[in-house]
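File shown here: upload-v7.cif, holding mmCIF, C-alpha atoms.
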data_final
loop_
_atom_site.label_atom_id
_atom_site.label_comp_id
_atom_site.auth_asym_id
_atom_site.auth_seq_id
_atom_site.Cartn_x
_atom_site.Cartn_y
_atom_site.Cartn_z
CA MET A 1 4.88 97.20 125.24
CA ALA A 2 8.06 97.45 123.17
CA PHE A 3 9.59 100.89 123.73
CA LEU A 4 12.74 102.01 121.97
CA LYS A 5 14.91 105.01 122.78
CA ILE A 6 17.33 105.61 119.94
CA ASP A 7 19.85 108.42 120.34
CA ASN A 8 22.38 110.14 118.11
CA VAL A 9 20.24 110.05 115.00
CA SER A 10 18.48 112.80 113.12
CA ILE A 11 16.32 113.17 110.04
CA CYS A 12 17.99 115.25 107.32
CA GLY A 13 15.20 115.28 104.80
CA ILE A 14 12.02 113.67 103.44
CA ALA A 15 10.85 113.38 99.83
CA ALA A 16 7.81 111.84 98.18
CA CYS A 17 6.90 110.80 94.66
CA VAL A 18 3.50 109.91 93.22
CA PRO A 19 2.40 108.88 89.72
CA LYS A 20 0.93 111.70 87.59
CA ASN A 21 -2.14 109.61 86.76
CA VAL A 22 -5.20 110.58 88.84
CA GLU A 23 -8.29 108.43 89.35
CA ARG A 24 -11.31 110.16 90.80
CA ASN A 25 -14.00 108.42 92.89
CA SER A 26 -16.49 110.82 91.30
CA GLU A 27 -15.84 109.04 87.99
CA SER A 28 -15.58 105.46 89.29
CA PRO A 29 -17.86 102.92 87.58
CA LEU A 30 -18.06 100.85 90.78
CA PHE A 31 -21.02 102.55 92.46
CA ALA A 32 -24.67 101.49 92.02
CA ASP A 33 -25.92 105.08 92.26
CA GLU A 34 -24.99 108.63 93.23
CA LYS A 35 -26.14 108.13 96.82
CA GLU A 36 -23.75 105.21 97.26
CA ARG A 37 -20.93 107.21 95.67
CA GLN A 38 -21.54 110.23 97.90
CA ASN A 39 -21.77 108.09 101.05
CA LEU A 40 -18.41 106.54 100.32
CA ILE A 41 -16.69 109.81 99.50
CA GLU A 42 -18.13 111.54 102.56
CA SER A 43 -17.42 108.79 105.08
CA THR A 44 -13.92 108.01 103.83
CA GLY A 45 -12.88 111.54 102.87
CA ILE A 46 -11.13 110.07 99.83
CA GLU A 47 -11.93 111.81 96.55
CA GLU A 48 -9.09 110.75 94.32
CA LYS A 49 -5.81 108.91 94.25
CA ARG A 50 -2.74 108.36 92.09
CA VAL A 51 -2.38 105.18 90.10
CA ALA A 52 0.96 103.96 88.77
CA PRO A 53 0.90 103.04 85.07
CA GLU A 54 1.88 99.56 83.93
CA GLY A 55 5.62 99.10 84.18
CA CYS A 56 5.94 101.47 87.13
CA CYS A 57 6.83 99.85 90.46
CA SER A 58 7.01 101.11 94.04
CA SER A 59 10.78 101.03 93.62
CA ASP A 60 10.53 103.51 90.75
CA LEU A 61 8.54 105.92 92.88
CA CYS A 62 11.01 105.51 95.74
CA TYR A 63 13.96 105.85 93.36
CA SER A 64 12.72 109.23 92.11
CA ALA A 65 12.14 110.43 95.66
CA ALA A 66 15.59 109.25 96.80
CA ASP A 67 17.44 110.65 93.81
CA LYS A 68 15.95 114.11 94.28
CA LEU A 69 16.45 114.06 98.05
CA VAL A 70 20.11 113.08 97.82
CA ALA A 71 20.71 115.84 95.25
CA ASP A 72 18.97 118.48 97.38
CA LEU A 73 20.91 117.37 100.46
CA GLN A 74 24.11 117.58 98.41
CA TRP A 75 25.14 114.18 99.65
CA SER A 76 27.62 112.27 97.59
CA LYS A 77 26.30 108.83 96.63
CA ASP A 78 29.34 107.12 98.19
CA GLU A 79 28.54 108.58 101.56
CA ILE A 80 25.41 106.46 101.84
CA ASP A 81 26.06 103.47 104.10
CA ALA A 82 22.63 101.84 104.21
CA LEU A 83 19.43 101.59 102.20
CA VAL A 84 16.33 99.98 103.65
CA PHE A 85 13.32 99.43 101.36
CA VAL A 86 9.95 98.92 103.00
CA SER A 87 7.20 97.58 100.76
CA GLN A 88 4.78 94.74 100.22
CA THR A 89 4.90 95.25 96.45
CA PRO A 90 8.56 94.48 95.73
CA ASP A 91 9.96 94.29 92.19
CA TYR A 92 10.58 90.54 92.53
CA ILE A 93 10.14 87.73 95.03
CA LEU A 94 13.92 87.70 94.92
CA PRO A 95 16.40 89.37 94.86
CA ALA A 96 15.51 92.03 97.45
CA THR A 97 14.49 95.27 95.77
CA ALA A 98 16.91 97.16 98.04
CA CYS A 99 19.81 95.49 96.21
CA ILE A 100 18.43 96.62 92.85
CA LEU A 101 17.99 100.14 94.21
CA GLN A 102 21.57 100.19 95.56
CA ASN A 103 22.71 99.63 91.99
CA ARG A 104 20.23 102.01 90.35
CA LEU A 105 21.08 104.82 92.72
CA GLY A 106 24.81 104.26 92.13
CA LEU A 107 25.59 103.65 95.79
CA LYS A 108 28.86 102.07 96.88
CA LYS A 109 29.17 98.35 97.29
CA ASP A 110 30.03 98.77 100.96
CA CYS A 111 26.39 99.49 101.60
CA LEU A 112 23.86 97.58 103.69
CA ALA A 113 20.72 97.05 101.68
CA PHE A 114 17.67 94.95 102.54
CA ASP A 115 13.89 94.88 102.34
CA ILE A 116 11.32 94.93 105.12
CA SER A 117 7.92 93.46 104.35
CA LEU A 118 5.39 95.59 106.23
CA GLY A 119 2.51 97.75 105.06
CA CYS A 120 0.77 100.52 106.95
CA SER A 121 3.12 100.31 109.97
CA GLY A 122 6.15 100.17 107.65
CA TRP A 123 7.58 103.68 108.04
CA VAL A 124 7.54 103.55 111.85
CA TYR A 125 9.10 100.08 111.86
CA GLY A 126 11.57 101.13 109.16
CA MET A 127 12.60 104.18 111.19
CA SER A 128 13.23 101.97 114.24
CA VAL A 129 15.44 99.61 112.24
CA ILE A 130 17.48 102.16 110.32
CA SER A 131 17.99 104.45 113.31
CA SER A 132 19.09 101.48 115.41
CA LEU A 133 21.73 100.75 112.78
CA LEU A 134 22.91 104.36 112.88
CA SER A 135 22.81 104.85 116.62
CA ASN A 136 26.19 103.43 117.54
CA GLY A 137 28.06 105.47 114.94
CA GLY A 138 29.34 102.66 112.75
CA ILE A 139 27.45 104.02 109.77
CA LYS A 140 26.78 107.68 109.10
CA LYS A 141 24.26 108.34 106.32
CA THR A 142 21.25 106.25 105.36
CA LEU A 143 18.12 106.17 103.24
CA LEU A 144 14.78 104.68 104.23
CA LEU A 145 12.60 104.12 101.19
CA CYS A 146 8.93 103.30 101.78
CA GLY A 147 6.41 102.75 99.02
CA ASP A 148 3.59 100.51 97.84
CA LEU A 149 1.44 99.91 94.77
CA THR A 150 -1.76 99.53 96.78
CA THR A 151 -3.86 100.02 93.66
CA ARG A 152 -2.51 96.70 92.33
CA GLN A 153 -3.07 94.86 95.62
CA ASN A 154 -6.74 95.82 95.63
CA CYS A 155 -9.09 94.49 92.98
CA TYR A 156 -10.49 97.13 90.63
CA ARG A 157 -13.89 95.43 91.05
CA ASP A 158 -13.92 95.67 94.86
CA LYS A 159 -16.03 98.73 95.62
CA THR A 160 -15.38 98.51 99.35
CA SER A 161 -11.58 98.81 99.01
CA TYR A 162 -10.41 99.94 95.59
CA PRO A 163 -11.65 103.54 95.98
CA LEU A 164 -9.68 103.94 99.23
CA PHE A 165 -6.12 103.22 98.14
CA GLY A 166 -3.42 105.04 96.17
CA ASP A 167 0.20 104.62 95.06
CA ALA A 168 3.21 106.52 96.38
CA GLY A 169 6.93 106.15 97.11
CA THR A 170 8.99 108.09 99.65
CA ALA A 171 12.55 108.58 100.84
CA THR A 172 13.68 109.63 104.31
CA ALA A 173 17.33 110.53 104.82
CA LEU A 174 18.79 109.94 108.28
CA GLN A 175 22.27 110.54 109.66
CA TYR A 176 24.34 109.82 112.72
CA GLU A 177 24.55 112.97 114.81
CA GLU A 178 26.29 112.70 118.17
CA GLY A 179 24.11 114.16 120.91
CA ALA A 180 20.97 114.39 118.78
CA ASP A 181 17.73 113.65 120.63
CA GLY A 182 16.87 110.79 118.33
CA PHE A 183 13.61 108.90 118.36
CA ARG A 184 11.21 107.46 120.89
CA ILE A 185 9.27 104.57 119.44
CA HIS A 186 6.57 102.11 120.43
CA LEU A 187 6.00 99.00 118.30
CA ALA A 188 3.50 96.14 118.55
CA THR A 189 2.08 93.16 116.69
CA ASP A 190 -1.00 90.94 116.76
CA GLY A 191 -0.76 88.06 114.31
CA ALA A 192 -4.18 86.80 115.42
CA GLY A 193 -5.43 89.49 113.06
CA ALA A 194 -3.48 88.15 110.09
CA ASP A 195 -6.66 87.37 108.14
CA THR A 196 -7.99 90.89 108.62
CA ILE A 197 -5.98 92.19 105.66
CA ILE A 198 -4.58 89.42 103.49
CA ILE A 199 -3.78 88.37 99.93
CA PRO A 200 -4.56 84.64 100.29
CA ASP A 201 -2.72 83.16 97.26
CA GLY A 202 0.57 83.74 95.50
CA GLY A 203 2.85 83.09 98.44
CA TYR A 204 4.16 79.73 99.52
CA ARG A 205 1.30 78.85 101.89
CA ASN A 206 -1.24 78.86 99.01
CA PRO A 207 0.75 78.87 95.76
CA THR A 208 -0.87 80.37 92.67
CA THR A 209 -3.13 77.96 90.80
CA VAL A 210 -5.70 78.41 88.05
CA GLU A 211 -8.29 78.84 90.84
CA SER A 212 -6.36 81.85 92.13
CA LEU A 213 -7.19 83.79 88.98
CA LYS A 214 -10.97 83.39 89.24
CA PHE A 215 -13.11 86.34 90.35
CA GLU A 216 -15.17 85.54 93.45
CA ASP A 217 -18.17 87.51 94.68
CA LEU A 218 -17.77 87.78 98.46
CA GLY A 219 -20.95 89.85 98.85
CA SER A 220 -21.44 93.54 99.72
CA GLY A 221 -19.72 94.67 96.56
CA LYS A 222 -16.52 92.71 97.12
CA ILE A 223 -15.51 91.07 93.87
CA MET A 224 -11.91 89.89 93.67
CA THR A 225 -9.52 87.04 92.97
CA ARG A 226 -7.41 85.23 95.55
CA LEU A 227 -4.43 87.25 94.32
CA HIS A 228 -6.03 90.45 95.57
CA SER A 229 -6.13 91.94 99.04
CA ARG A 230 -9.20 91.16 101.11
CA LEU A 231 -9.87 93.56 103.93
CA ASP A 232 -12.31 93.13 106.83
CA GLY A 233 -13.12 96.82 107.24
CA MET A 234 -15.05 96.46 110.48
CA SER A 235 -12.31 94.48 112.20
CA VAL A 236 -9.58 96.87 111.03
CA PHE A 237 -11.63 99.81 112.27
CA SER A 238 -12.21 98.17 115.64
CA PHE A 239 -8.51 97.34 116.00
CA ALA A 240 -7.30 100.79 114.96
CA ILE A 241 -9.58 102.87 117.18
CA SER A 242 -8.51 100.80 120.16
CA LYS A 243 -4.81 100.23 119.58
CA ALA A 244 -3.71 103.48 117.95
CA PRO A 245 -4.72 105.74 120.86
CA LYS A 246 -3.27 103.24 123.37
CA SER A 247 0.04 103.25 121.48
CA VAL A 248 0.26 107.05 121.45
CA LYS A 249 -0.73 107.35 125.11
CA GLY A 250 1.68 104.58 126.09
CA LEU A 251 4.56 106.26 124.24
CA CYS A 252 3.88 109.62 125.89
CA GLU A 253 3.55 108.12 129.36
CA HIS A 254 6.63 105.94 129.08
CA PHE A 255 8.89 108.73 127.86
CA GLY A 256 7.26 111.64 129.67
CA ILE A 257 6.26 113.33 126.42
CA ASP A 258 3.79 116.19 126.83
CA ILE A 259 1.24 115.64 124.08
CA ASN A 260 0.33 119.36 124.17
CA GLU A 261 3.83 120.28 123.03
CA ILE A 262 3.59 118.30 119.82
CA ASP A 263 3.34 120.45 116.68
CA CYS A 264 2.18 117.82 114.25
CA PHE A 265 0.54 114.38 114.38
CA PRO A 266 0.95 112.65 111.00
CA PHE A 267 -1.11 109.46 111.34
CA HIS A 268 -1.59 106.66 108.86
CA GLN A 269 -4.18 107.83 106.30
CA ALA A 270 -6.80 105.07 106.55
CA ASN A 271 -10.11 106.89 106.07
CA MET A 272 -11.64 110.02 107.56
CA PHE A 273 -14.14 108.30 109.85
CA LEU A 274 -11.48 106.07 111.37
CA ASN A 275 -8.84 108.79 111.67
CA GLU A 276 -11.24 111.31 113.18
CA THR A 277 -12.42 108.72 115.73
CA VAL A 278 -8.79 108.21 116.77
CA ARG A 279 -8.07 111.96 116.84
CA LYS A 280 -11.08 112.65 119.05
CA LYS A 281 -10.18 109.85 121.45
CA LEU A 282 -6.77 111.44 121.90
CA LYS A 283 -8.29 114.94 122.12
CA ILE A 284 -5.86 116.25 119.51
CA ASP A 285 -6.63 119.63 117.91
CA ALA A 286 -7.77 119.30 114.32
CA GLU A 287 -5.12 121.80 113.09
CA LYS A 288 -2.36 119.60 114.45
CA MET A 289 -3.45 116.48 112.58
CA PRO A 290 -2.81 116.84 108.86
CA TYR A 291 -4.66 114.77 106.26
CA CYS A 292 -3.79 114.07 102.65
CA MET A 293 -6.16 111.16 102.03
CA LYS A 294 -8.54 113.39 100.07
CA GLU A 295 -6.11 113.56 97.14
CA PHE A 296 -3.96 110.48 97.67
CA GLY A 297 -6.02 107.87 99.54
CA ASN A 298 -4.39 105.25 101.73
CA THR A 299 -0.79 104.80 100.52
CA SER A 300 0.27 102.08 103.00
CA CYS A 301 3.84 102.58 104.30
CA ALA A 302 4.29 105.80 102.32
CA SER A 303 1.41 107.36 104.24
CA LEU A 304 3.25 109.22 107.04
CA PRO A 305 6.15 110.68 105.03
CA LEU A 306 3.78 111.60 102.15
CA THR A 307 1.50 113.43 104.59
CA LEU A 308 4.45 115.41 105.98
CA VAL A 309 5.73 116.36 102.50
CA VAL A 310 2.34 117.36 101.15
CA THR A 311 0.99 119.24 104.17
CA ARG A 312 3.96 120.48 106.23
CA ARG A 313 6.71 121.16 103.71
CA GLU A 314 7.14 124.87 104.53
CA GLU A 315 7.20 124.42 108.30
CA LEU A 316 9.56 121.45 108.23
CA GLN A 317 12.03 123.48 106.18
CA SER A 318 11.79 126.72 108.14
CA LYS A 319 11.58 125.84 111.83
CA PRO A 320 12.18 123.16 114.43
CA MET A 321 9.23 120.85 114.96
CA LYS A 322 8.10 118.18 117.40
CA VAL A 323 6.34 115.36 115.58
CA LEU A 324 4.38 112.36 116.82
CA GLY A 325 3.36 109.85 114.17
CA CYS A 326 1.21 106.75 114.51
CA ALA A 327 0.74 103.96 111.98
CA PHE A 328 -1.44 100.85 112.13
CA GLY A 329 -2.69 98.14 109.81
CA VAL A 330 -1.79 94.96 108.00
CA GLY A 331 -0.21 92.28 110.18
CA LEU A 332 -1.78 93.38 112.37
CA SER A 333 1.12 95.68 113.10
CA TRP A 334 1.28 99.12 114.65
CA GLY A 335 3.47 101.69 116.35
CA SER A 336 4.07 105.30 117.27
CA ILE A 337 7.14 107.49 116.91
CA TYR A 338 8.18 110.78 118.48
CA PHE A 339 10.97 112.91 117.06
CA LYS A 340 12.14 116.49 116.61
CA THR A 341 13.22 117.99 113.32
CA GLU A 342 15.55 120.92 112.83
CA LYS A 343 14.85 122.65 109.48
CA ILE A 344 15.08 119.61 107.24
CA VAL A 345 15.22 119.39 103.47
CA VAL A 346 11.84 118.67 101.88
CA PRO A 347 11.69 118.81 98.07
CA GLU A 348 8.36 119.56 96.42
CA LEU A 349 6.19 116.53 95.74
CA ILE A 350 7.57 114.72 92.70
CA GLU A 351 5.20 113.41 90.04
CA ILE A 352 6.30 110.92 87.41
CA MET B 1 -23.88 96.16 132.49
CA ASP B 2 -27.50 97.11 131.96
CA ILE B 3 -29.28 96.01 128.78
CA LYS B 4 -31.51 99.09 128.75
CA ASP B 5 -28.44 101.35 128.73
CA PHE B 6 -26.87 99.27 125.98
CA ILE B 7 -30.01 99.53 123.82
CA ALA B 8 -30.08 103.29 124.43
CA ASN B 9 -26.42 103.64 123.45
CA PHE B 10 -27.01 101.47 120.40
CA ALA B 11 -30.11 103.43 119.35
CA GLU B 12 -28.21 106.71 119.66
CA GLN B 13 -26.13 105.80 116.62
CA PHE B 14 -29.28 105.98 114.44
CA GLU B 15 -30.46 109.34 113.13
CA GLU B 16 -33.59 108.49 111.18
CA THR B 17 -34.99 105.48 113.02
CA ASP B 18 -37.67 105.78 115.71
CA VAL B 19 -36.08 104.80 119.04
CA ASN B 20 -39.15 102.63 119.78
CA ASP B 21 -38.27 100.49 116.77
CA ILE B 22 -35.02 99.46 118.45
CA GLN B 23 -35.60 96.80 121.10
CA ALA B 24 -33.63 93.86 122.48
CA THR B 25 -35.27 91.55 119.95
CA THR B 26 -34.82 93.82 116.94
CA VAL B 27 -32.95 92.22 114.03
CA PHE B 28 -30.82 95.31 113.56
CA LYS B 29 -29.49 94.48 110.10
CA ASP B 30 -33.10 94.54 108.81
CA LEU B 31 -33.53 98.19 109.83
CA ASP B 32 -33.73 100.51 106.80
CA GLU B 33 -31.05 102.77 108.18
CA TRP B 34 -28.51 100.02 108.83
CA SER B 35 -25.32 100.44 106.79
CA SER B 36 -21.65 99.57 106.96
CA LEU B 37 -20.96 103.05 108.30
CA LEU B 38 -23.53 102.54 111.06
CA ALA B 39 -21.78 99.28 111.92
CA LEU B 40 -18.59 101.27 112.43
CA SER B 41 -20.43 103.76 114.68
CA VAL B 42 -21.65 100.87 116.81
CA ILE B 43 -18.12 99.45 117.02
CA ALA B 44 -16.84 102.89 118.07
CA MET B 45 -19.60 103.23 120.68
CA VAL B 46 -18.86 99.80 122.19
CA ASP B 47 -15.16 100.68 122.34
CA GLU B 48 -15.85 104.05 123.98
CA GLU B 49 -18.56 102.98 126.47
CA TYR B 50 -17.48 99.44 127.32
CA ASP B 51 -13.80 99.24 126.26
CA VAL B 52 -14.62 96.14 124.19
CA ALA B 53 -13.30 95.52 120.67
CA LEU B 54 -16.02 94.02 118.47
CA LYS B 55 -14.79 92.25 115.33
CA GLY B 56 -16.35 92.04 111.87
CA ASP B 57 -17.42 88.46 112.61
CA ASP B 58 -19.28 89.63 115.73
CA ILE B 59 -21.42 92.03 113.72
CA ARG B 60 -21.90 89.46 110.97
CA SER B 61 -22.99 86.68 113.33
CA ALA B 62 -25.23 88.70 115.70
CA GLN B 63 -28.92 88.85 114.71
CA THR B 64 -30.60 90.88 117.46
CA VAL B 65 -29.52 93.82 119.58
CA GLU B 66 -29.58 91.41 122.52
CA ASP B 67 -27.08 89.14 120.73
CA LEU B 68 -24.68 92.09 120.54
CA TYR B 69 -25.34 92.98 124.17
CA LYS B 70 -24.45 89.44 125.26
CA LEU B 71 -21.20 89.51 123.24
CA VAL B 72 -20.18 92.82 124.78
CA LYS B 73 -21.16 91.77 128.31
CA GLU B 74 -18.99 88.64 128.03
CA ARG B 75 -15.94 90.72 127.20
CA ALA B 76 -16.54 93.79 129.34
#

Would you write the structure of this file as structure tokens?
Amino acid sequence: MAFLKIDNVSICGIAACVPKNVERNSESPLFADEKERQNLIESTGIEEKRVAPEGCCSSDLCYSAADKLVADLQWSKDEIDALVFVSQTPDYILPATACILQNRLGLKKDCLAFDISLGCSGWVYGMSVISSLLSNGGIKKTLLLCGDLTTRQNCYRDKTSYPLFGDAGTATALQYEEGADGFRIHLATDGAGADTIIIPDGGYRNPTTVESLKFEDLGSGKIMTRLHSRLDGMSVFSFAISKAPKSVKGLCEHFGIDINEIDCFPFHQANMFLNETVRKKLKIDAEKMPYCMKEFGNTSCASLPLTLVVTRREELQSKPMKVLGCAFGVGLSWGSIYFKTEKIVVPELIEI
Amino acid sequence: MDIKDFIANFAEQFEETDVNDIQATTVFKDLDEWSSLLALSVIAMVDEEYDVALKGDDIRSAQTVEDLYKLVKERA
């Protein structure tokens, strides 16, 4: 297992931004009948989600979150030394969206900026990278932006996936702080599961052709093109209920973390049945595991920070907290992170 | 790993089906109650009871309850 102990770093604030536009599963034309609709809503726990309008990218959602967060923190833009953008829906194939955001946000040119291509596990991985950069004191203030347009990745005609996903963008501000407890992180990968969640065409392995644009009926209500995400729900479920608890337990054992002392467990918002199975395996109290999938669905790498902003804003601002997050999904990639917060800045959820 | 126990554990995931209708030779996907959610319950049960991770392909390729039992037994 890959365990990281990263000292001298602390979170200063977290912000999240979602599109104003709401789509409700109660109004979705995808279901054959009411029974099917109700079954989906009940088993997934997802009632509605936010959908970015045409012309709005993950970077726009992250930009709004970052801009507000930096203002509320009263940071000067030239203090920011690094910007890492985590997404699998970048503005362009190239240049990296982080470079575009460096310019849009008015950051200095002496700024590290790069993209990380990861989905569900993206915030945990992103935190490990950006905090590692901060840890030795060479840079002082950083922004981790995580966001995805999952509603574009999934086909609007795929009734097994489209109702589960939503759009969001987030910003997490981290700084170098000598003596701070930092983070304890576990990370892992299993590329054998690459086909479990995949967009087959449009990359360089299978370049886009006329065939890529054709709708295919894969059975069981899955209608999509090869430019859309295809998800093997059963395999993802099986992977998550096995690996997520092992990751959390492994992290706690390795670092001597007492799971009973944790205040909050923000986990990747996949669907209620999956998340509850994981929670029960870990014997975590329901009040300690917040959910926001009911209103926002699965928002990929934005999932953990969005959950914290939407469900724990007051507590994060008013008192110290011990947090243990776990994220798992596309790759297959997963990880857990433990950290403490000390009255951080959390703006209200931004809607654009 | 006993097949009777496996069938009992498997049958426990069903709420509306008569337990006598679930045997080793039962083609489980033909049962009225079978659904994608039930498939997930079975995957969760196999993980919990036998510490085996069934994949989507396993459920798709297995026909009878005994087919599933054999898959799980191989990996237990």

With all atoms listed in the file as the atoms that count, which of B:Glu66, B:Asp2, B:Glu15, B:Asp47 lies nearest to chain A?
->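 Going through B:Glu66, B:Asp2, B:Glu15, B:Asp47 one by one, the smallest distance to chain A is for B:Asp47.
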
Tell me which protein, DNA and RNA residues are within 12 Å of Ile43 of chain B, counting only C-alpha atoms, leaving out same-chain ones fewer than 2 positions away, and put them as number ranges by chain.
-> A: 233-242, 274, 277; B: 9-10, 13, 36-41, 45-59, 68, 72

Go ahead and write the selection's residues with C-alpha atoms as a compact mmCIF listing (two decimals), in the coordinates of the input.
# COMPACT_ATOMS: atom_id res chain seq x y z
CA GLY A 233 -13.12 96.82 107.24
CA MET A 234 -15.05 96.46 110.48
CA SER A 235 -12.31 94.48 112.20
CA VAL A 236 -9.58 96.87 111.03
CA PHE A 237 -11.63 99.81 112.27
CA SER A 238 -12.21 98.17 115.64
CA PHE A 239 -8.51 97.34 116.00
CA ALA A 240 -7.30 100.79 114.96
CA ILE A 241 -9.58 102.87 117.18
CA SER A 242 -8.51 100.80 120.16
CA LEU A 274 -11.48 106.07 111.37
CA THR A 277 -12.42 108.72 115.73
CA ASN B 9 -26.42 103.64 123.45
CA PHE B 10 -27.01 101.47 120.40
CA GLN B 13 -26.13 105.80 116.62
CA SER B 36 -21.65 99.57 106.96
CA LEU B 37 -20.96 103.05 108.30
CA LEU B 38 -23.53 102.54 111.06
CA ALA B 39 -21.78 99.28 111.92
CA LEU B 40 -18.59 101.27 112.43
CA SER B 41 -20.43 103.76 114.68
CA MET B 45 -19.60 103.23 120.68
CA VAL B 46 -18.86 99.80 122.19
CA ASP B 47 -15.16 100.68 122.34
CA GLU B 48 -15.85 104.05 123.98
CA GLU B 49 -18.56 102.98 126.47
CA TYR B 50 -17.48 99.44 127.32
CA ASP B 51 -13.80 99.24 126.26
CA VAL B 52 -14.62 96.14 124.19
CA ALA B 53 -13.30 95.52 120.67
CA LEU B 54 -16.02 94.02 118.47
CA LYS B 55 -14.79 92.25 115.33
CA GLY B 56 -16.35 92.04 111.87
CA ASP B 57 -17.42 88.46 112.61
CA ASP B 58 -19.28 89.63 115.73
CA ILE B 59 -21.42 92.03 113.72
CA LEU B 68 -24.68 92.09 120.54
CA VAL B 72 -20.18 92.82 124.78

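Across the structure, atom CA of Glu348 of chain A and atom CA of Gln269 of chain A are spaced 19.8 Å apart.
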
Taking the file above as input, evaluate the PyMOL selection byres ((chain A and resi 332-345) around 6) and report the hits as number ranges by chain.
-> A: 12-13, 121, 183-191, 193-194, 248, 316-331, 346

Point-to-point distance from atom CA of Glu74 of chain B to atom CA of Asp5 of chain B, Å rounded to tenths =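 Computing it gives 15.9 Å between the two atoms.
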
Atom CA of Leu112 of chain A to atom CA of Asp81 of chain A, distance in Å rounded to a single decimal =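 It comes out at 6.3 Å.
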
Ground truth for the PyMOL selection byres ((chain B and resi 27) around 7), written as an NGL selection string = :B and (25-26 or 28-30 or 63-65)

Exercise: Leu218 of chain A partners within 12 Å, all atoms listed in the file, chain neighbours under 3 positions left out, as a list of chain:residue names |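 Using all atoms listed in the file, the neighbours found are A:Arg157, A:Asp158, A:Lys159, A:Thr160, A:Phe215, A:Gly221, A:Lys222, A:Ile223, A:Met224, A:Thr225, A:Arg226, A:Arg230, A:Leu231, A:Asp232.
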
Edge lengths and centre in Å to one decimal, as lines of an AutoDock Vina configuration file, of the axis-aligned box that encloses all listed atoms of segment 216-222 of chain A with 6 Å added on every side?
center_x = -18.3
center_y = 90.1
center_z = 96.6
size_x = 18.3
size_y = 21.1
size_z = 18.3

Extract, using all atoms listed in the file, all DNA, RNA and protein residues at most 12 Å from Ser76 of chain A, discarding same-chain residues fewer than 2 positions from it, and format them as a short mmCIF file (atom, residue, chain, number, x, y, z; two decimals) with C-alpha atoms, keeping the file's coordinate frame.
data_model
loop_
_atom_site.label_atom_id
_atom_site.label_comp_id
_atom_site.auth_asym_id
_atom_site.auth_seq_id
_atom_site.Cartn_x
_atom_site.Cartn_y
_atom_site.Cartn_z
CA ASP A 67 17.44 110.65 93.81
CA LEU A 69 16.45 114.06 98.05
CA VAL A 70 20.11 113.08 97.82
CA ALA A 71 20.71 115.84 95.25
CA ASP A 72 18.97 118.48 97.38
CA LEU A 73 20.91 117.37 100.46
CA GLN A 74 24.11 117.58 98.41
CA ASP A 78 29.34 107.12 98.19
CA GLU A 79 28.54 108.58 101.56
CA ILE A 80 25.41 106.46 101.84
CA ASP A 81 26.06 103.47 104.10
CA LEU A 105 21.08 104.82 92.72
CA GLY A 106 24.81 104.26 92.13
CA LEU A 107 25.59 103.65 95.79
CA LYS A 108 28.86 102.07 96.88
CA LYS A 141 24.26 108.34 106.32
CA THR A 142 21.25 106.25 105.36
#

Name all residues at most 9 Å from Leu227 of chain A (count only C-alpha atoms; drop same-chain ones fewer than 5 positions away) and give them as a PyMOL selection string.
-> chain A and resi 153-155+199-202+208+212-213

Can you work out which one of A:Ser87, A:Met293, A:Pro163, A:Lys140 has the shortest atom-to-atom distance to Glu27 of chain A, counting all atoms listed in the file?
->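 Of the candidates, the smallest distance to Glu27 of chain A is held by A:Pro163.
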
Could I get segment 87-95 of chain A rebuilt with N, CA and C atoms, written as a compact mmCIF listing (two decimals), in the frame of the given file?
# COMPACT_ATOMS: atom_id res chain seq x y z
N SER A 87 8.27 97.70 101.75
CA SER A 87 7.20 97.58 100.76
C SER A 87 6.59 96.20 100.84
N GLN A 88 5.34 96.07 100.42
CA GLN A 88 4.78 94.74 100.22
C GLN A 88 4.43 94.54 98.75
N THR A 89 4.99 95.41 97.90
CA THR A 89 4.90 95.25 96.45
C THR A 89 6.31 95.40 95.89
N PRO A 90 7.17 94.41 96.20
CA PRO A 90 8.56 94.48 95.73
C PRO A 90 8.63 94.22 94.23
N ASP A 91 9.79 94.55 93.62
CA ASP A 91 9.96 94.29 92.19
C ASP A 91 9.85 92.79 91.90
N TYR A 92 10.54 91.99 92.72
CA TYR A 92 10.58 90.54 92.53
C TYR A 92 10.43 89.85 93.86
N ILE A 93 10.10 88.54 93.79
CA ILE A 93 10.14 87.73 95.03
C ILE A 93 11.58 87.70 95.53
N LEU A 94 12.49 87.54 94.62
CA LEU A 94 13.92 87.70 94.92
C LEU A 94 14.61 88.10 93.63
N PRO A 95 15.67 88.85 93.70
CA PRO A 95 16.40 89.37 94.86
C PRO A 95 15.64 90.50 95.56
